[in-house]
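K.L.:
Just dropping this structure here.
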Amino acid sequence: MPMTISEKILAKAAGKKEVEAGEIIMANIDVAMMHDLTGPLAVEAFKKIGSEKVWDPSKIVVLFDHQVPADSIEAAENHIIMRKFVKEQNIKDFYDVREGICHQVLPEKGHVTPGDVIVGTDSHTCTHGALGAFATGIGSTDMAMVLATGKLWFKVPETIQFKIEGQPKDHVYAKDIILYIIGKIGIDGATYKACEFTGSTVKNMNISERLVLCNMAIEMGGKTGIIEADEKTIEYVKKRSKKPYNVMKTDPDAPSLEKIQVNIEGLEPQIACPHNVDNVKPISEVEGTEIDQIFIGSCTNGRIEDLRDAAKILKGKKVSKKVRMLIIPASREVYTKALNEGLIKIFIDAGAIICNPCCGPCLGGHIGLLGPGEVSLSTSNRNFKGRQGSPESEVYLSSAAVAAASAIKGKITHPKNI
Ligand SMILES: CC(C)[C@H](C(=O)O)[C@@H](O)C(=O)O
Ligand code: SF4
């Protein structure tokens, strides 16, 4: 039977020849990821069900990224719980406070390979589908089950295949494309679907850009984002991982496949306006909106390519006195590259603040929170009410290039106008 990539991966993980969308299967898990914020709940649930030993410590990755270094006693307590768990369970793939955001560190350190089933106690686990894996966020009690047995049930999702065609204009990035798609289909437009990205535009994207597309699949309700592995994927993976991999491809006549054409010819930079990710407008409609804080970072746009785009615009310029600018590399590897390439100096000279790799203000639980009435322009993925601090604040979402241009002017600005 013709199948989609997601169906093929899930069939393999369930030890079956084929599966159909809608079917409930029990899948073997290749990678289980937990972080500092939700990990302790999973550990608690794991203990509650009477488990003592995890099924396979070599398939579990634990990292700290949401509140690092600890910003409260509670955060420090969470870290203690997870450090203790890692030690008692002999989990070797543990990244303490210094390494960066889970969705950057996992691919970077070679934990993600094509054909894997990856689960994480974080909704943006869908990011890893960019490398041809089936990756999805799960709750902490589901994670307890995974820790104990190495298995989890899934309802096999149907697939929406977004075929993206066209050459992006100057200053248009993967972020603009995914915002445009979410704006069109809405925050529940792909509920429980595997969102597969294909087409010549995706083929031309580097891995970082593909990670951006899959990262935001959850913002339209997707069960996962996924991109067929190609030579760029294999090159990326082979540099980082010794794990075996399986390249799967969607059969064009798979019965559960819905196809949507996306033409990005002539697309302007896109902005998601408060307070929903699908409240997307072309930049020309919001240019000039005053802002108080700019945040470049997060698991969406805190990668080296984003920092390079920002540095190109900020070089020799100054951040407006009206705004504060926070730049947070997504990982230590990204930070080191940015240092070696001289980007950090450009940012500091421009007047930006650089923080250690972490989630930062993205979910309003750590540093750089907004006060009542304040407005943020952020390269992250969510702009719900109160997301970055006060419920009376507002968050706009954009690419790193738009964020950098806007930092110079103190208001939302198209990079071509710098
Ligand atoms: C803290 C965590 C559970 C949460 C998520 O699942 O996505 C966070 O990372 C977010 O982005 O809101
Ligand atoms: S950067 Fe933001 S979206 Fe990504 S994992 Fe951290 S809090 Fe969640």
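We label chains A, B, ... in the order they appear in the structure tokens, count residues from 1 in each chain, and number ligands from 1 in the order shown.
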Could you pull out the alpha helix (DSSP H) residues of segment 63-302 of chain A from DSSP and send them as a VMD selection string?

P.N.:
chain A and resid 73 to 88 102 to 108 140 to 149 174 to 185 200 to 203 207 to 215 231 to 240 298 to 301

K.L.:
At a cut-off of 10 Å and counting only C-alpha atoms and all ligand atoms, what residues surround ligand 2? Please answer as JSON, numbers by chain.

P.N.:
{"A": [35, 37, 65, 66, 67, 100, 101, 102, 103, 104, 121, 122, 123, 124, 125, 127, 215, 216, 297, 298, 299, 300, 301, 302, 328, 330, 357, 358, 359, 360, 361, 362, 363, 364, 365, 366, 379, 380, 381, 382, 387, 388]}

K.L.:
If we count only C-alpha atoms and set the cut-off at 12 Å, which residues sit around Glu290 of chain A, ignoring sequence neighbours fewer than 3 positions away in its own chain? Please answer as a list in words.

P.N.:
Val286, Glu287, Gln293, Ile294, Ser320, Lys322, Val323, Gly373, Glu374, Val375, Ser376, Leu377, Glu394, Val395, Tyr396, Ser406, Ala407, Ile408, Lys409, Gly410, Lys411, Ile412 and Thr413 of chain A

K.L.:
For the selection just defined, write its residues with N, CA, C and O atoms to a file, as a compact mmCIF listing (two decimals), in the first residue's frame.

P.N.:
```txt
# COMPACT_ATOMS: atom_id res chain seq x y z
N VAL A 286 2.28 46.66 8.95
CA VAL A 286 2.56 46.96 10.37
C VAL A 286 3.85 47.75 10.55
O VAL A 286 4.24 48.07 11.68
N GLU A 287 4.50 48.08 9.46
CA GLU A 287 5.75 48.83 9.55
C GLU A 287 5.50 50.12 10.33
O GLU A 287 4.48 50.77 10.14
N GLN A 293 11.07 46.00 23.22
CA GLN A 293 12.12 44.98 23.34
C GLN A 293 12.20 44.13 22.08
O GLN A 293 11.17 43.79 21.48
N ILE A 294 13.42 43.79 21.71
CA ILE A 294 13.65 42.89 20.57
C ILE A 294 14.34 41.67 21.12
O ILE A 294 15.32 41.79 21.85
N SER A 320 18.49 51.40 18.60
CA SER A 320 17.81 52.64 19.02
C SER A 320 17.74 52.73 20.55
O SER A 320 17.54 51.72 21.22
N LYS A 322 15.43 53.77 22.15
CA LYS A 322 14.06 53.49 22.60
C LYS A 322 13.84 52.02 22.94
O LYS A 322 12.84 51.67 23.55
N VAL A 323 14.75 51.14 22.47
CA VAL A 323 14.51 49.70 22.69
C VAL A 323 15.70 49.03 23.38
O VAL A 323 16.82 49.53 23.36
N GLY A 373 1.84 46.79 29.18
CA GLY A 373 1.85 47.81 28.12
C GLY A 373 3.05 47.72 27.19
O GLY A 373 3.11 48.43 26.19
N GLU A 374 4.00 46.86 27.50
CA GLU A 374 5.20 46.80 26.64
C GLU A 374 4.96 45.92 25.42
O GLU A 374 4.15 45.00 25.43
N VAL A 375 5.75 46.22 24.39
CA VAL A 375 5.61 45.52 23.12
C VAL A 375 6.95 44.89 22.75
O VAL A 375 8.00 45.55 22.84
N SER A 376 6.88 43.62 22.35
CA SER A 376 8.11 42.93 21.96
C SER A 376 8.04 42.48 20.50
O SER A 376 6.97 42.13 20.00
N LEU A 377 9.17 42.51 19.85
CA LEU A 377 9.29 41.88 18.53
C LEU A 377 10.27 40.74 18.73
O LEU A 377 11.40 40.95 19.20
N GLU A 394 2.43 42.87 24.62
CA GLU A 394 2.11 42.36 23.28
C GLU A 394 3.37 41.81 22.63
O GLU A 394 4.45 42.37 22.79
N VAL A 395 3.20 40.73 21.86
CA VAL A 395 4.35 40.14 21.18
C VAL A 395 4.07 40.02 19.68
O VAL A 395 3.04 39.48 19.28
N TYR A 396 4.97 40.54 18.89
CA TYR A 396 4.96 40.34 17.43
C TYR A 396 6.07 39.35 17.10
O TYR A 396 7.12 39.36 17.75
N SER A 406 14.53 46.35 12.88
CA SER A 406 13.60 47.04 13.77
C SER A 406 14.32 47.56 15.01
O SER A 406 13.94 48.59 15.57
N ALA A 407 15.37 46.85 15.44
CA ALA A 407 16.13 47.29 16.61
C ALA A 407 16.80 48.63 16.32
O ALA A 407 16.90 49.49 17.20
N ILE A 408 17.25 48.81 15.10
CA ILE A 408 17.94 50.06 14.74
C ILE A 408 16.96 51.23 14.77
O ILE A 408 17.27 52.32 15.26
N LYS A 409 15.77 51.01 14.27
CA LYS A 409 14.78 52.10 14.18
C LYS A 409 13.90 52.23 15.42
O LYS A 409 13.18 53.21 15.58
N GLY A 410 13.85 51.17 16.25
CA GLY A 410 12.96 51.22 17.42
C GLY A 410 11.51 50.98 17.06
O GLY A 410 10.61 51.20 17.87
N LYS A 411 11.27 50.57 15.84
CA LYS A 411 9.91 50.24 15.42
C LYS A 411 10.00 49.19 14.30
O LYS A 411 11.07 49.02 13.70
N ILE A 412 8.88 48.52 14.04
CA ILE A 412 8.94 47.45 13.04
C ILE A 412 9.37 48.02 11.68
O ILE A 412 8.79 49.00 11.19
N THR A 413 10.43 47.42 11.15
CA THR A 413 11.08 47.99 9.96
C THR A 413 11.48 46.89 8.99
O THR A 413 12.04 45.87 9.40
```

K.L.:
Which residues are close to Ser140 of chain A, i.e. within 12 Å by only C-alpha atoms, leaving aside same-chain residues fewer than 2 positions away? Reply as a list in words.

P.N.:
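The residues satisfying every condition are Ala32, Met33, Met34, His35, Asp36, Leu37, Thr38, Gly39, Pro40, Leu41, Ala42, Val43, Glu44, Ala45, Phe46, Val119, Gly120, Thr121, Asp122, Ser123, Gly137, Ile138, Asp142, Met143, Ala144, Met145, Val146 and Leu147 of chain A.
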
K.L.:
Mind the document's chain letters and residue numbers, and return as a PyMOL selection string the residues of segment 90-213 of chain A that DSSP labels strand (DSSP E).

P.N.:
chain A and resi 93-95+117-120+134-137+151-155+159-165+194-198

K.L.:
Write the residues of the preceding selection, restricted to N, CA, C and O atoms, as an mmCIF file, in the first residue's frame.

P.N.:
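Saved file again-v9.cif follows:
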```cif
data_model
loop_
_atom_site.group_PDB
_atom_site.id
_atom_site.type_symbol
_atom_site.label_atom_id
_atom_site.label_comp_id
_atom_site.auth_asym_id
_atom_site.auth_seq_id
_atom_site.Cartn_x
_atom_site.Cartn_y
_atom_site.Cartn_z
ATOM 1 N N ASP A 93 23.632 10.831 28.089
ATOM 2 C CA ASP A 93 23.375 12.013 27.259
ATOM 3 C C ASP A 93 22.632 13.051 28.084
ATOM 4 O O ASP A 93 21.419 13.245 27.961
ATOM 5 N N PHE A 94 23.401 13.695 28.926
ATOM 6 C CA PHE A 94 22.850 14.712 29.817
ATOM 7 C C PHE A 94 23.600 16.014 29.567
ATOM 8 O O PHE A 94 24.824 16.058 29.623
ATOM 9 N N TYR A 95 22.850 17.049 29.252
ATOM 10 C CA TYR A 95 23.455 18.353 29.001
ATOM 11 C C TYR A 95 22.966 19.308 30.079
ATOM 12 O O TYR A 95 21.809 19.689 30.114
ATOM 13 N N VAL A 117 11.860 7.502 15.610
ATOM 14 C CA VAL A 117 10.689 8.035 16.317
ATOM 15 C C VAL A 117 11.228 8.738 17.562
ATOM 16 O O VAL A 117 11.890 8.122 18.397
ATOM 17 N N ILE A 118 10.954 10.042 17.626
ATOM 18 C CA ILE A 118 11.498 10.858 18.716
ATOM 19 C C ILE A 118 10.349 11.475 19.499
ATOM 20 O O ILE A 118 9.441 12.067 18.900
ATOM 21 N N VAL A 119 10.382 11.325 20.804
ATOM 22 C CA VAL A 119 9.371 12.002 21.616
ATOM 23 C C VAL A 119 10.080 12.884 22.637
ATOM 24 O O VAL A 119 11.195 12.589 23.072
ATOM 25 N N GLY A 120 9.436 13.965 23.007
ATOM 26 C CA GLY A 120 10.015 14.869 23.990
ATOM 27 C C GLY A 120 8.903 15.521 24.780
ATOM 28 O O GLY A 120 7.798 15.707 24.259
ATOM 29 N N PHE A 134 10.204 11.014 12.674
ATOM 30 C CA PHE A 134 8.853 11.298 13.158
ATOM 31 C C PHE A 134 9.018 11.751 14.603
ATOM 32 O O PHE A 134 9.390 10.965 15.478
ATOM 33 N N ALA A 135 8.791 13.030 14.854
ATOM 34 C CA ALA A 135 9.111 13.594 16.161
ATOM 35 C C ALA A 135 7.915 14.371 16.679
ATOM 36 O O ALA A 135 7.320 15.165 15.953
ATOM 37 N N THR A 136 7.573 14.134 17.943
ATOM 38 C CA THR A 136 6.397 14.819 18.466
ATOM 39 C C THR A 136 6.500 15.060 19.968
ATOM 40 O O THR A 136 7.213 14.341 20.671
ATOM 41 N N GLY A 137 5.788 16.073 20.414
ATOM 42 C CA GLY A 137 5.762 16.399 21.839
ATOM 43 C C GLY A 137 4.769 15.513 22.568
ATOM 44 O O GLY A 137 3.715 15.182 22.019
ATOM 45 N N LYS A 151 8.080 2.229 24.887
ATOM 46 C CA LYS A 151 7.005 2.199 23.871
ATOM 47 C C LYS A 151 5.977 3.280 24.167
ATOM 48 O O LYS A 151 5.807 3.690 25.314
ATOM 49 N N LEU A 152 5.273 3.667 23.121
ATOM 50 C CA LEU A 152 4.147 4.588 23.306
ATOM 51 C C LEU A 152 3.136 4.355 22.188
ATOM 52 O O LEU A 152 3.519 4.053 21.059
ATOM 53 N N TRP A 153 1.853 4.525 22.518
ATOM 54 C CA TRP A 153 0.838 4.353 21.475
ATOM 55 C C TRP A 153 0.667 5.663 20.705
ATOM 56 O O TRP A 153 0.826 6.756 21.254
ATOM 57 N N PHE A 154 0.336 5.520 19.447
ATOM 58 C CA PHE A 154 0.040 6.675 18.589
ATOM 59 C C PHE A 154 -1.158 6.356 17.726
ATOM 60 O O PHE A 154 -1.311 5.215 17.293
ATOM 61 N N LYS A 155 -1.926 7.394 17.440
ATOM 62 C CA LYS A 155 -2.891 7.257 16.344
ATOM 63 C C LYS A 155 -2.140 7.741 15.111
ATOM 64 O O LYS A 155 -1.628 8.879 15.111
ATOM 65 N N THR A 159 -1.633 13.087 6.602
ATOM 66 C CA THR A 159 -0.575 14.042 6.247
ATOM 67 C C THR A 159 -1.119 15.173 5.380
ATOM 68 O O THR A 159 -1.902 14.921 4.455
ATOM 69 N N ILE A 160 -0.712 16.400 5.721
ATOM 70 C CA ILE A 160 -0.909 17.499 4.771
ATOM 71 C C ILE A 160 0.467 17.780 4.174
ATOM 72 O O ILE A 160 1.431 18.017 4.908
ATOM 73 N N GLN A 161 0.545 17.709 2.871
ATOM 74 C CA GLN A 161 1.827 17.974 2.230
ATOM 75 C C GLN A 161 1.803 19.390 1.662
ATOM 76 O O GLN A 161 1.001 19.686 0.773
ATOM 77 N N PHE A 162 2.651 20.257 2.209
ATOM 78 C CA PHE A 162 2.740 21.632 1.714
ATOM 79 C C PHE A 162 3.835 21.656 0.655
ATOM 80 O O PHE A 162 5.017 21.465 0.986
ATOM 81 N N LYS A 163 3.431 21.863 -0.581
ATOM 82 C CA LYS A 163 4.428 21.912 -1.657
ATOM 83 C C LYS A 163 4.777 23.376 -1.892
ATOM 84 O O LYS A 163 3.967 24.145 -2.435
ATOM 85 N N ILE A 164 5.959 23.760 -1.445
ATOM 86 C CA ILE A 164 6.337 25.179 -1.471
ATOM 87 C C ILE A 164 7.208 25.434 -2.702
ATOM 88 O O ILE A 164 8.248 24.799 -2.886
ATOM 89 N N GLU A 165 6.757 26.356 -3.531
ATOM 90 C CA GLU A 165 7.493 26.665 -4.764
ATOM 91 C C GLU A 165 7.744 28.164 -4.852
ATOM 92 O O GLU A 165 6.939 28.961 -4.377
ATOM 93 N N ALA A 194 0.274 15.215 10.228
ATOM 94 C CA ALA A 194 1.701 15.344 9.974
ATOM 95 C C ALA A 194 1.835 16.410 8.892
ATOM 96 O O ALA A 194 1.201 16.306 7.837
ATOM 97 N N CYS A 195 2.597 17.459 9.153
ATOM 98 C CA CYS A 195 2.758 18.539 8.173
ATOM 99 C C CYS A 195 4.059 18.273 7.427
ATOM 100 O O CYS A 195 5.146 18.437 7.995
ATOM 101 N N GLU A 196 3.918 17.851 6.184
ATOM 102 C CA GLU A 196 5.119 17.523 5.415
ATOM 103 C C GLU A 196 5.442 18.700 4.491
ATOM 104 O O GLU A 196 4.550 19.220 3.813
ATOM 105 N N PHE A 197 6.698 19.119 4.501
ATOM 106 C CA PHE A 197 7.099 20.245 3.657
ATOM 107 C C PHE A 197 7.943 19.724 2.512
ATOM 108 O O PHE A 197 8.921 19.005 2.723
ATOM 109 N N THR A 198 7.521 20.110 1.304
ATOM 110 C CA THR A 198 8.220 19.620 0.126
ATOM 111 C C THR A 198 8.219 20.725 -0.931
ATOM 112 O O THR A 198 7.766 21.828 -0.663
#
```

K.L.:
Mind pulling up the distance from atom CA of Ala75 of chain A to atom CA of Cys214 of chain A?

P.N.:
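These atoms are spaced 28.7 Å apart.
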
K.L.:
Quote the spacing between atom CA of Ala27 of chain A and atom CA of Ala148 of chain A in Å to one decimal place.

P.N.:
13.8 Å

K.L.:
Could you state the separation of atom CA of Met26 of chain A and atom 3 (C, counted along the ligand's line) of ligand 1 in Å, given to one decimal place?

P.N.:
23.6 Å

K.L.:
Which is closest to ligand 1 among A:Glu158, A:Glu7, A:Glu108, A:Glu219, if we use only C-alpha atoms and all ligand atoms?

P.N.:
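Under the stated criterion, the closest residue is A:Glu219.
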
K.L.:
Which residue gives the smallest distance to ligand 1 among A:Asn28, A:Asn383, A:Asn417, A:Thr201, with only C-alpha atoms and all ligand atoms counted?

P.N.:
A:Asn383

K.L.:
Please list as JSON, numbers by chain every residue within 8 Å of Cys273 of chain A, counting only C-alpha atoms and excluding residues in the same chain fewer than 2 positions away.

P.N.:
{"A": [271, 275, 276, 277, 279, 280, 281, 383, 395, 396, 397]}

K.L.:
Under the rule that only C-alpha atoms and all ligand atoms are counted, which of A:Ser200, A:Phe64, A:Ala310, A:Thr233 is the nearest residue to ligand 1?

P.N.:
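Of A:Ser200, A:Phe64, A:Ala310, A:Thr233, the one nearest ligand 1 is A:Phe64, counting only C-alpha atoms and all ligand atoms.
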
K.L.:
With only C-alpha atoms and all ligand atoms as the atoms that count, which of A:Ile348, A:Gly386, A:Ala338, A:Gly132 lies nearest to ligand 1?

P.N.:
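Under the stated criterion, the closest residue is A:Gly386.
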
K.L.:
For Tyr173 of chain A, find every residue with an atom within 9 Å (counting only C-alpha atoms), except residues of its own chain fewer than 6 positions away, and show them as a count of residues only.

P.N.:
4
